[in-house]
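Below is one structure, written out as structure tokens; comments come after it.
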Amino acid sequence: MNLEVPEHLEYSDEHVWVDASVEPAMVGITEYATEQLGELVYVDLPEVGAQVEAGDEVAELESAKAVTPLVCPVAGTIRYVNAEVSDDPSIITNDPYGEGWIFKIELEDDEPDLLSSGEYARIVTE
């Protein structure tokens, strides 16, 4: 598999990416996750203003194959959700690292326990 793993992002074991280089940080699922899920048919977004902890299930992704929780890899406050992916979940499949972001979060933890692109790439290519 030739998967894109952008170097400027950080990753969780649950195939969620975080872009902490922007304020608030952007969160979405990786290309690997979209491959595993198949075509998404429904996205249940978190509530704006919700306080979340790392490890909380904050959203739900539904594909023809399965319903999968999105586990938030960081703690903070949800500031924005991407309503476009709720209206058209294929945006996530087609552009997981761009227009397919799922929510933006104001980070609480300056040192979230995340993987570098290299560490994540090793996990998904083994």
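Starting from 1 in every chain, residues are counted up; chains themselves are A, B, ... following the order of the structure tokens, and ligands are numbered from 1 as listed.
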DSSP alpha helix (DSSP H) selection over chain A, as a ChimeraX atom specification: /A:31-37,83-87,90-94,117-125
Near-Ala59 of chain A list (9 Å; only C-alpha atoms; drop same-chain fewer than 2 positions) as a ChimeraX atom specification: /A:43-46,57,61,68-72,102
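Of the listed residues (A:Gly38, A:Gly100, A:Gly118, A:Pro73), A:Pro73 comes nearest to Val16 of chain A; the distances count only C-alpha atoms.
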Enumerate the residues of chain A with a DSSP assignment of strand (DSSP E or B), computed from the backbone, and present them as a ChimeraX atom specification. /A:10-11,16-19,25-29,40-44,51-52,57-63,67-71,76-81,103-107,115
Atomic distance atom CA of Ala121 of chain A - atom CA of Thr34 of chain A, expressed in Å with one decimal: 14.9 Å
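Nearest residue to Thr93 of chain A among A:Ser63, A:Ser21, A:Ile123, A:Glu47 is A:Ser63, counting only C-alpha atoms.
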Non-local contacts of Ala20 of chain A (9 Å; only C-alpha atoms; under 5 positions in same chain excluded) as number ranges by chain: A: 8-10, 25-27, 107
N, CA and C atoms of the current selection, written as a PDB file, in the first residue's frame:
```pdb
ATOM      1  N   HIS A   8       3.967  16.923   8.533  1.00  0.00           N
ATOM      2  CA  HIS A   8       3.683  18.009   9.478  1.00  0.00           C
ATOM      3  C   HIS A   8       2.593  17.643  10.486  1.00  0.00           C
ATOM      4  N   LEU A   9       1.987  16.472  10.329  1.00  0.00           N
ATOM      5  CA  LEU A   9       0.919  16.049  11.233  1.00  0.00           C
ATOM      6  C   LEU A   9       1.451  15.079  12.275  1.00  0.00           C
ATOM      7  N   GLU A  10       0.673  14.926  13.350  1.00  0.00           N
ATOM      8  CA  GLU A  10       0.952  13.904  14.361  1.00  0.00           C
ATOM      9  C   GLU A  10      -0.225  12.939  14.348  1.00  0.00           C
ATOM     10  N   ALA A  25      -6.320  23.509  16.732  1.00  0.00           N
ATOM     11  CA  ALA A  25      -5.760  22.345  16.038  1.00  0.00           C
ATOM     12  C   ALA A  25      -6.851  21.635  15.232  1.00  0.00           C
ATOM     13  N   MET A  26      -6.470  21.109  14.078  1.00  0.00           N
ATOM     14  CA  MET A  26      -7.410  20.362  13.229  1.00  0.00           C
ATOM     15  C   MET A  26      -7.240  18.871  13.478  1.00  0.00           C
ATOM     16  N   VAL A  27      -8.360  18.139  13.388  1.00  0.00           N
ATOM     17  CA  VAL A  27      -8.353  16.695  13.622  1.00  0.00           C
ATOM     18  C   VAL A  27      -9.140  16.010  12.510  1.00  0.00           C
ATOM     19  N   LEU A 107      -6.526  23.044  22.083  1.00  0.00           N
ATOM     20  CA  LEU A 107      -5.795  22.055  22.873  1.00  0.00           C
ATOM     21  C   LEU A 107      -5.609  22.493  24.320  1.00  0.00           C
TER      22      LEU A 107
END
```
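Between Arg79 of chain A and the residues A:Phe103, A:Trp17, A:Tyr11, A:Tyr97, the shortest atom-to-atom distance, using only C-alpha atoms, involves A:Phe103.
Within the 9 Å cut-off around Pro96 of chain A, using only C-alpha atoms and omitting residues fewer than 4 positions from it on the same chain, the listed residues are A:Gly28, A:Ile29, A:Thr30, A:Glu31, A:Thr34, A:Ile91, A:Ile92, A:Gly100, A:Trp101.
Closest approach to Val48 of chain A among A:Ala75, A:Ile105, A:Ala33, A:Val124: A:Ile105, based on only C-alpha atoms.
The smallest atom-to-atom distance between Glu106 of chain A and any of A:Asn2, A:Gln36, A:Ser12, A:Thr77, using only C-alpha atoms, is found for A:Thr77.
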